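The file input_8.pdb comes next; it holds PDB, C-alpha atoms, pLDDT in the B column.
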ATOM      1  CA  MET A 880     -79.486-226.558-354.114  1.00 47.00           C
ATOM      2  CA  ASP A 881     -77.977-227.118-350.673  1.00 52.00           C
ATOM      3  CA  ASN A 882     -74.652-225.822-351.940  1.00 65.00           C
ATOM      4  CA  ASN A 883     -76.313-222.677-353.270  1.00 72.00           C
ATOM      5  CA  ASN A 884     -78.052-222.094-349.949  1.00 79.00           C
ATOM      6  CA  GLU A 885     -74.743-222.507-348.134  1.00 80.00           C
ATOM      7  CA  ILE A 886     -73.087-219.947-350.388  1.00 80.00           C
ATOM      8  CA  ASN A 887     -76.010-217.552-349.954  1.00 82.00           C
ATOM      9  CA  GLN A 888     -75.798-217.829-346.176  1.00 85.00           C
ATOM     10  CA  LYS A 889     -72.038-217.252-346.255  1.00 84.00           C
ATOM     11  CA  ILE A 890     -72.456-214.103-348.350  1.00 86.00           C
ATOM     12  CA  ALA A 891     -75.356-212.989-346.150  1.00 87.00           C
ATOM     13  CA  LYS A 892     -73.190-213.161-343.004  1.00 87.00           C
ATOM     14  CA  LYS A 893     -70.476-211.114-344.686  1.00 87.00           C
ATOM     15  CA  LEU A 894     -72.992-208.519-345.891  1.00 88.00           C
ATOM     16  CA  ILE A 895     -74.434-208.144-342.402  1.00 88.00           C
ATOM     17  CA  HIS A 896     -70.985-207.864-340.841  1.00 85.00           C
ATOM     18  CA  TYR A 897     -69.657-205.171-343.172  1.00 84.00           C
ATOM     19  CA  ARG A 898     -72.874-203.143-343.064  1.00 85.00           C
ATOM     20  CA  LYS A 899     -72.873-203.078-339.269  1.00 84.00           C
ATOM     21  CA  ALA A 900     -69.137-202.360-339.193  1.00 78.00           C
ATOM     22  CA  ALA A 901     -69.846-199.309-341.387  1.00 77.00           C
ATOM     23  CA  GLY A 902     -72.573-198.167-338.964  1.00 76.00           C
ATOM     24  CA  LEU A 903     -75.334-198.320-341.590  1.00 83.00           C
ATOM     25  CA  THR A 904     -78.932-199.470-341.337  1.00 85.00           C
ATOM     26  CA  GLN A 905     -80.478-201.488-344.143  1.00 86.00           C
ATOM     27  CA  ALA A 906     -82.380-198.407-345.322  1.00 84.00           C
ATOM     28  CA  GLU A 907     -79.228-196.244-345.344  1.00 83.00           C
ATOM     29  CA  LEU A 908     -77.297-198.862-347.293  1.00 87.00           C
ATOM     30  CA  ALA A 909     -80.167-199.274-349.751  1.00 86.00           C
ATOM     31  CA  GLU A 910     -80.151-195.549-350.471  1.00 83.00           C
ATOM     32  CA  LYS A 911     -76.397-195.508-351.049  1.00 84.00           C
ATOM     33  CA  ILE A 912     -76.496-198.297-353.656  1.00 88.00           C
ATOM     34  CA  ASN A 913     -79.848-197.319-355.235  1.00 86.00           C
ATOM     35  CA  TYR A 914     -81.766-200.377-354.044  1.00 86.00           C
ATOM     36  CA  SER A 915     -84.705-200.882-351.713  1.00 83.00           C
ATOM     37  CA  ASP A 916     -84.266-202.002-348.130  1.00 81.00           C
ATOM     38  CA  LYS A 917     -86.322-205.078-349.047  1.00 87.00           C
ATOM     39  CA  SER A 918     -83.543-206.178-351.387  1.00 87.00           C
ATOM     40  CA  VAL A 919     -80.911-205.615-348.708  1.00 89.00           C
ATOM     41  CA  SER A 920     -83.016-207.599-346.229  1.00 88.00           C
ATOM     42  CA  LYS A 921     -83.410-210.383-348.800  1.00 89.00           C
ATOM     43  CA  TRP A 922     -79.666-210.627-349.356  1.00 90.00           C
ATOM     44  CA  GLU A 923     -78.902-210.608-345.639  1.00 88.00           C
ATOM     45  CA  SER A 924     -81.439-213.345-344.959  1.00 89.00           C
ATOM     46  CA  GLY A 925     -79.771-215.583-347.542  1.00 85.00           C
ATOM     47  CA  ASN A 926     -82.760-215.675-349.890  1.00 86.00           C
ATOM     48  CA  GLY A 927     -80.763-214.142-352.712  1.00 84.00           C
ATOM     49  CA  VAL A 928     -77.431-212.558-353.538  1.00 86.00           C
ATOM     50  CA  PRO A 929     -76.493-209.224-355.129  1.00 88.00           C
ATOM     51  CA  ASP A 930     -75.262-209.252-358.693  1.00 86.00           C
ATOM     52  CA  VAL A 931     -71.575-208.729-359.455  1.00 85.00           C
ATOM     53  CA  TYR A 932     -71.996-204.997-360.080  1.00 87.00           C
ATOM     54  CA  THR A 933     -73.742-204.512-356.716  1.00 87.00           C
ATOM     55  CA  LEU A 934     -71.074-206.560-354.927  1.00 87.00           C
ATOM     56  CA  LEU A 935     -68.467-204.282-356.493  1.00 87.00           C
ATOM     57  CA  GLN A 936     -70.387-201.253-355.211  1.00 86.00           C
ATOM     58  CA  LEU A 937     -70.486-202.739-351.739  1.00 87.00           C
ATOM     59  CA  ALA A 938     -66.793-203.602-351.836  1.00 83.00           C
ATOM     60  CA  ASN A 939     -65.901-200.024-352.765  1.00 83.00           C
ATOM     61  CA  LEU A 940     -68.226-198.681-350.074  1.00 82.00           C
ATOM     62  CA  TYR A 941     -66.689-200.844-347.332  1.00 80.00           C
ATOM     63  CA  GLY A 942     -63.119-200.550-348.578  1.00 76.00           C
ATOM     64  CA  VAL A 943     -62.627-204.290-349.131  1.00 79.00           C
ATOM     65  CA  SER A 944     -62.066-206.540-352.131  1.00 79.00           C
ATOM     66  CA  ILE A 945     -64.998-208.288-353.765  1.00 81.00           C
ATOM     67  CA  ASN A 946     -63.499-211.597-352.652  1.00 81.00           C
ATOM     68  CA  ALA A 947     -64.168-210.595-349.035  1.00 80.00           C
ATOM     69  CA  PHE A 948     -67.847-211.486-349.551  1.00 81.00           C
ATOM     70  CA  VAL A 949     -67.248-215.005-350.865  1.00 77.00           C
ATOM     71  CA  ASP A 950     -64.032-216.326-349.305  1.00 74.00           C
ATOM     72  CA  ASP A 951     -63.952-218.595-346.271  1.00 64.00           C
ATOM     73  CA  GLU A 952     -61.919-216.246-344.094  1.00 57.00           C
ATOM     74  CA  THR A 953     -63.694-214.443-341.321  1.00 54.00           C
ATOM     75  CA  PRO A 954     -63.606-210.623-341.433  1.00 54.00           C
ATOM     76  CA  ILE A 955     -62.794-210.337-337.720  1.00 53.00           C
ATOM     77  CA  GLN A 956     -59.090-209.787-338.266  1.00 57.00           C
ATOM     78  CA  GLN A 957     -59.707-207.084-340.857  1.00 60.00           C
ATOM     79  CA  GLN A 958     -62.179-205.394-338.526  1.00 62.00           C
ATOM     80  CA  LYS A 959     -59.596-205.406-335.743  1.00 65.00           C
ATOM     81  CA  GLU A 960     -56.996-203.933-338.090  1.00 67.00           C
ATOM     82  CA  THR A 961     -59.415-201.196-339.186  1.00 72.00           C
ATOM     83  CA  ARG A 962     -60.314-200.335-335.592  1.00 76.00           C
ATOM     84  CA  GLY A 963     -56.647-200.344-334.682  1.00 81.00           C
ATOM     85  CA  LEU A 964     -55.868-197.942-337.526  1.00 85.00           C
ATOM     86  CA  HIS A 965     -58.712-195.649-336.503  1.00 86.00           C
ATOM     87  CA  LEU A 966     -57.499-195.694-332.898  1.00 89.00           C
ATOM     88  CA  LEU A 967     -53.946-194.923-333.992  1.00 93.00           C
ATOM     89  CA  ILE A 968     -55.074-191.977-336.116  1.00 93.00           C
ATOM     90  CA  MET A 969     -57.150-190.560-333.256  1.00 94.00           C
ATOM     91  CA  LEU A 970     -54.289-190.995-330.788  1.00 95.00           C
ATOM     92  CA  LEU A 971     -51.810-189.275-333.110  1.00 96.00           C
ATOM     93  CA  SER A 972     -54.214-186.399-333.728  1.00 96.00           C
ATOM     94  CA  SER A 973     -54.865-186.050-330.002  1.00 96.00           C
ATOM     95  CA  GLY A 974     -51.120-186.105-329.377  1.00 96.00           C
ATOM     96  CA  ILE A 975     -50.625-183.208-331.775  1.00 97.00           C
ATOM     97  CA  VAL A 976     -53.327-181.194-329.983  1.00 96.00           C
ATOM     98  CA  TRP A 977     -51.679-181.719-326.597  1.00 96.00           C
ATOM     99  CA  LEU A 978     -48.227-181.039-328.016  1.00 97.00           C
ATOM    100  CA  VAL A 979     -49.430-177.648-329.249  1.00 96.00           C
ATOM    101  CA  ALA A 980     -51.095-176.961-325.880  1.00 96.00           C
ATOM    102  CA  SER A 981     -47.871-177.847-324.049  1.00 96.00           C
ATOM    103  CA  TRP A 982     -45.826-175.627-326.365  1.00 96.00           C
ATOM    104  CA  VAL A 983     -48.197-172.700-325.757  1.00 94.00           C
ATOM    105  CA  PHE A 984     -48.076-173.219-321.993  1.00 95.00           C
ATOM    106  CA  VAL A 985     -44.271-173.447-321.793  1.00 95.00           C
ATOM    107  CA  SER A 986     -43.629-170.583-324.223  1.00 94.00           C
ATOM    108  CA  PHE A 987     -46.000-168.097-322.628  1.00 92.00           C
ATOM    109  CA  ARG A 988     -45.052-169.085-319.088  1.00 91.00           C
ATOM    110  CA  LEU A 989     -41.398-168.378-319.876  1.00 92.00           C
ATOM    111  CA  TRP A 990     -42.381-165.129-321.591  1.00 90.00           C
ATOM    112  CA  LYS A 991     -44.741-163.837-318.910  1.00 87.00           C
ATOM    113  CA  PRO A 992     -44.760-165.939-315.723  1.00 86.00           C
ATOM    114  CA  GLY A 993     -47.511-165.403-313.244  1.00 80.00           C
ATOM    115  CA  TYR A 994     -50.421-165.561-315.690  1.00 86.00           C
ATOM    116  CA  ALA A 995     -52.869-168.468-315.839  1.00 88.00           C
ATOM    117  CA  TRP A 996     -51.345-170.023-318.937  1.00 90.00           C
ATOM    118  CA  TRP A 997     -52.491-173.440-317.675  1.00 93.00           C
ATOM    119  CA  LEU A 998     -55.817-172.559-319.304  1.00 94.00           C
ATOM    120  CA  ALA A 999     -54.209-173.747-322.534  1.00 94.00           C
ATOM    121  CA  PHE A1000     -54.781-177.315-321.351  1.00 96.00           C
ATOM    122  CA  ILE A1001     -58.464-176.623-320.684  1.00 95.00           C
ATOM    123  CA  TYR A1002     -58.844-175.221-324.188  1.00 96.00           C
ATOM    124  CA  ALA A1003     -56.956-178.265-325.487  1.00 96.00           C
ATOM    125  CA  VAL A1004     -59.688-180.529-324.125  1.00 96.00           C
ATOM    126  CA  VAL A1005     -62.227-178.693-326.291  1.00 96.00           C
ATOM    127  CA  ALA A1006     -59.934-178.794-329.326  1.00 96.00           C
ATOM    128  CA  ASN A1007     -59.269-182.494-328.785  1.00 97.00           C
ATOM    129  CA  ALA A1008     -63.003-183.203-328.521  1.00 96.00           C
ATOM    130  CA  VAL A1009     -63.623-181.357-331.795  1.00 96.00           C
ATOM    131  CA  VAL A1010     -60.932-183.390-333.565  1.00 96.00           C
ATOM    132  CA  LEU A1011     -62.342-186.666-332.246  1.00 95.00           C
ATOM    133  CA  LEU A1012     -65.859-185.556-333.174  1.00 95.00           C
ATOM    134  CA  VAL A1013     -64.788-185.176-336.803  1.00 94.00           C
ATOM    135  CA  TYR A1014     -63.388-188.708-336.852  1.00 93.00           C
ATOM    136  CA  ALA A1015     -66.432-190.082-335.032  1.00 90.00           C
ATOM    137  CA  SER A1016     -68.712-188.540-337.662  1.00 88.00           C
ATOM    138  CA  ILE A1017     -66.639-189.899-340.547  1.00 86.00           C
ATOM    139  CA  TRP A1018     -66.390-193.423-339.119  1.00 83.00           C
ATOM    140  CA  HIS A1019     -69.935-193.533-337.684  1.00 78.00           C
ATOM    141  CA  HIS A1020     -68.870-193.990-334.046  1.00 84.00           C
ATOM    142  CA  ARG A1021     -72.127-192.844-332.471  1.00 84.00           C
ATOM    143  CA  ILE A1022     -71.110-193.354-328.840  1.00 89.00           C
ATOM    144  CA  LEU A1023     -67.858-191.447-329.324  1.00 91.00           C
ATOM    145  CA  ASN A1024     -69.822-188.765-331.166  1.00 92.00           C
ATOM    146  CA  PHE A1025     -72.138-188.338-328.174  1.00 93.00           C
ATOM    147  CA  ILE A1026     -69.232-188.233-325.718  1.00 94.00           C
ATOM    148  CA  CYS A1027     -67.362-185.630-327.779  1.00 95.00           C
ATOM    149  CA  VAL A1028     -70.369-183.323-328.091  1.00 95.00           C
ATOM    150  CA  THR A1029     -70.990-183.619-324.348  1.00 96.00           C
ATOM    151  CA  ALA A1030     -67.344-182.787-323.628  1.00 96.00           C
ATOM    152  CA  ILE A1031     -67.451-179.801-325.964  1.00 96.00           C
ATOM    153  CA  ILE A1032     -70.530-178.397-324.235  1.00 96.00           C
ATOM    154  CA  TRP A1033     -69.353-178.671-320.644  1.00 96.00           C
ATOM    155  CA  VAL A1034     -65.636-178.016-321.079  1.00 96.00           C
ATOM    156  CA  THR A1035     -66.389-174.959-323.218  1.00 96.00           C
ATOM    157  CA  LEU A1036     -68.575-173.607-320.416  1.00 96.00           C
ATOM    158  CA  LEU A1037     -65.811-174.432-317.936  1.00 95.00           C
ATOM    159  CA  SER A1038     -63.322-172.550-320.107  1.00 95.00           C
ATOM    160  CA  ILE A1039     -65.582-169.513-320.213  1.00 94.00           C
ATOM    161  CA  TYR A1040     -66.125-169.660-316.459  1.00 94.00           C
ATOM    162  CA  LEU A1041     -62.421-169.929-315.627  1.00 93.00           C
ATOM    163  CA  SER A1042     -61.346-167.307-318.160  1.00 92.00           C
ATOM    164  CA  VAL A1043     -63.876-164.741-316.985  1.00 91.00           C
ATOM    165  CA  ARG A1044     -63.196-165.519-313.325  1.00 90.00           C
ATOM    166  CA  ILE A1045     -59.436-165.060-313.747  1.00 88.00           C
ATOM    167  CA  PHE A1046     -59.895-161.885-315.784  1.00 86.00           C
ATOM    168  CA  ALA A1047     -62.317-160.504-313.203  1.00 86.00           C
ATOM    169  CA  GLY A1048     -59.919-161.373-310.375  1.00 80.00           C
ATOM    170  CA  ASN A1049     -57.031-159.590-312.093  1.00 79.00           C
ATOM    171  CA  SER A1050     -59.258-156.571-312.741  1.00 80.00           C
ATOM    172  CA  GLY A1051     -60.640-156.407-309.204  1.00 79.00           C
ATOM    173  CA  LEU A1052     -64.183-157.213-310.303  1.00 79.00           C
ATOM    174  CA  VAL A1053     -66.594-159.327-308.260  1.00 75.00           C
ATOM    175  CA  LEU A1054     -68.879-161.678-310.205  1.00 77.00           C
ATOM    176  CA  ASP A1055     -70.970-163.650-307.719  1.00 81.00           C
ATOM    177  CA  GLY A1056     -73.355-165.200-310.230  1.00 85.00           C
ATOM    178  CA  LEU A1057     -70.744-166.416-312.678  1.00 87.00           C
ATOM    179  CA  TRP A1058     -71.612-170.038-311.899  1.00 89.00           C
ATOM    180  CA  CYS A1059     -74.898-169.505-313.767  1.00 91.00           C
ATOM    181  CA  VAL A1060     -73.003-169.976-317.015  1.00 92.00           C
ATOM    182  CA  PHE A1061     -73.186-173.732-316.384  1.00 94.00           C
ATOM    183  CA  LEU A1062     -76.993-173.547-316.558  1.00 94.00           C
ATOM    184  CA  LEU A1063     -76.580-173.074-320.305  1.00 94.00           C
ATOM    185  CA  GLY A1064     -75.269-176.613-320.502  1.00 94.00           C
ATOM    186  CA  ILE A1065     -78.536-178.144-319.344  1.00 94.00           C
ATOM    187  CA  PRO A1066     -80.673-177.204-322.379  1.00 95.00           C
ATOM    188  CA  LEU A1067     -77.732-177.896-324.688  1.00 94.00           C
ATOM    189  CA  GLN A1068     -77.342-181.374-323.235  1.00 94.00           C
ATOM    190  CA  VAL A1069     -81.078-182.008-323.490  1.00 95.00           C
ATOM    191  CA  LEU A1070     -81.034-180.882-327.125  1.00 94.00           C
ATOM    192  CA  GLU A1071     -78.192-183.275-327.843  1.00 92.00           C
ATOM    193  CA  VAL A1072     -80.083-186.203-326.319  1.00 92.00           C
ATOM    194  CA  LEU A1073     -83.245-185.274-328.225  1.00 92.00           C
ATOM    195  CA  TRP A1074     -81.243-185.019-331.443  1.00 89.00           C
ATOM    196  CA  VAL A1075     -79.874-188.546-330.915  1.00 85.00           C
ATOM    197  CA  PHE A1076     -83.405-189.924-330.436  1.00 85.00           C
ATOM    198  CA  PHE A1077     -84.717-187.924-333.399  1.00 85.00           C
ATOM    199  CA  ARG A1078     -81.919-189.148-335.662  1.00 78.00           C
ATOM    200  CA  THR A1079     -82.551-192.756-334.597  1.00 74.00           C
ATOM    201  CA  LEU A1080     -86.293-192.387-335.199  1.00 76.00           C
ATOM    202  CA  LEU A1081     -85.646-190.758-338.561  1.00 71.00           C
ATOM    203  CA  ARG A1082     -83.463-193.665-339.674  1.00 63.00           C
ATOM    204  CA  LYS A1083     -86.171-196.162-338.732  1.00 61.00           C
ATOM    205  CA  GLN A1084     -88.956-194.299-340.486  1.00 61.00           C
ATOM    206  CA  LYS A1085     -86.978-193.357-343.560  1.00 52.00           C
ATOM    207  CA  GLN A1086     -88.535-194.811-346.665  1.00 42.00           C
ATOM    208  CA  PRO A1087     -86.350-196.118-349.507  1.00 42.00           C
ATOM    209  CA  LYS A1088     -86.352-194.063-352.685  1.00 44.00           C
ATOM    210  CA  TYR A1089     -85.409-196.829-355.109  1.00 40.00           C
ATOM    211  CA  VAL A1090     -86.703-200.224-356.144  1.00 41.00           C
ATOM    212  CA  SER A1091     -84.321-202.935-357.238  1.00 42.00           C
ATOM    213  CA  LEU A1092     -84.231-204.299-360.751  1.00 41.00           C
ATOM    214  CA  GLU A1093     -85.137-207.802-359.570  1.00 44.00           C
ATOM    215  CA  GLU A1094     -88.258-206.498-357.774  1.00 45.00           C
ATOM    216  CA  THR A1095     -89.303-204.562-360.868  1.00 41.00           C
ATOM    217  CA  THR A1096     -88.932-207.712-362.959  1.00 42.00           C
ATOM    218  CA  LYS A1097     -91.106-209.686-360.561  1.00 43.00           C
ATOM    219  CA  LYS A1098     -93.878-207.078-360.736  1.00 41.00           C
ATOM    220  CA  GLU A1099     -93.814-207.169-364.512  1.00 42.00           C
TER     221      GLU A1099
END

What is this file in structure tokens?
Amino acid sequence: MDNNNEINQKIAKKLIHYRKAAGLTQAELAEKINYSDKSVSKWESGNGVPDVYTLLQLANLYGVSINAFVDDETPIQQQKETRGLHLLIMLLSSGIVWLVASWVFVSFRLWKPGYAWWLAFIYAVVANAVVLLVYASIWHHRILNFICVTAIIWVTLLSIYLSVRIFAGNSGLVLDGLWCVFLLGIPLQVLEVLWVFFRTLLRKQKQPKYVSLEETTKKE
């Protein structure tokens, strides 16, 4: 019995680790594998273990082998490797964005010097934030997601402000109230914060849609 409890606790720690590494709540995981959050909570507390089919589902979901839940090795190294790969992908993608921005700046400056081609780097910040936002959404990096959306809001407004100001200056126009464009960022930022709180509240209040087979058997 003690040996079984030890195995259950070992599997429970692995289940908790991989679920949190995937950025999932117990309710979200339960929905993905067609179980109730009570079953997930039971497994993670060490009071039971998933069957082989469910472990295979979890392994496919987390991108690990089924042995990862039962071996004695800690998943820390694999987590570091995964984070390192994600970081490398984001850095390479960001590098491509800035390479394109640099090419645009150099090419157009050689073609028509004297224009504000440096704006390409301001636009690149927005493009870079969009690219990182896609990765943050895929890999459930909520903090990075928030930072990227914030950057998109304010740098986009900055791009509009600078572009219009430069165009107006070249055309001889005077736009005294152009700074008001930044006021648009305030409600957008508030909406983003409210959306984060709403999404968190929704995850907590979300009810599971499925009941596990073992719970059904107990009721019968």

- Message: List the spatial neighbours of region 891-896 of chain A as a PyMOL selection string - criterion: any atom at most 9 Å away, only C-alpha atoms, same-chain residues fewer than 2 positions off excluded.
- Response: chain A and resi 886-889+898-901+919+921-928+937+947-949+953-954

Residue IDs satisfying the PyMOL selection byres ((chain A and resi 1031) around 9), as a short mmCIF file (atom, residue, chain, number, x, y, z; two decimals) with C-alpha atoms, in the frame of the given file:
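Full text of out.cif as output:
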data_model
loop_
_atom_site.label_atom_id
_atom_site.label_comp_id
_atom_site.auth_asym_id
_atom_site.auth_seq_id
_atom_site.Cartn_x
_atom_site.Cartn_y
_atom_site.Cartn_z
CA VAL A 1004 -59.69 -180.53 -324.12
CA VAL A 1005 -62.23 -178.69 -326.29
CA ALA A 1006 -59.93 -178.79 -329.33
CA ALA A 1008 -63.00 -183.20 -328.52
CA VAL A 1009 -63.62 -181.36 -331.80
CA ILE A 1026 -69.23 -188.23 -325.72
CA CYS A 1027 -67.36 -185.63 -327.78
CA VAL A 1028 -70.37 -183.32 -328.09
CA THR A 1029 -70.99 -183.62 -324.35
CA ALA A 1030 -67.34 -182.79 -323.63
CA ILE A 1032 -70.53 -178.40 -324.24
CA TRP A 1033 -69.35 -178.67 -320.64
CA VAL A 1034 -65.64 -178.02 -321.08
CA THR A 1035 -66.39 -174.96 -323.22
CA LEU A 1036 -68.58 -173.61 -320.42
#

- Top pick for closest residue to Leu940 (chain A), considering A:Phe1061, A:Tyr897, A:Tyr1014, A:Tyr994 and counting only C-alpha atoms: A:Tyr897

- Message: As an exercise, work out the distance from CA of Ser1016 (chain A) to CA of Leu964 (chain A) in Å and give it to one decimal place.
- Response: 15.9 Å

- Task: Give as a list in words the set of residues within 10 Å of the point (-65.5, -164.6, -315.9), where distances use the file's coordinates and all atoms listed in the file.
- Result: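 With a cut-off of 10 Å, the residues come to Ser1038, Ile1039, Tyr1040, Leu1041, Ser1042, Val1043, Arg1044, Ile1045, Phe1046, Ala1047, Gly1048, Leu1052, Val1053, Leu1054, Asp1055, Gly1056, Leu1057, Trp1058 and Val1060 of chain A.
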
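Between CA of Leu1011 (chain A) and CA of Ala995 (chain A) there is a distance of 26.3 Å.
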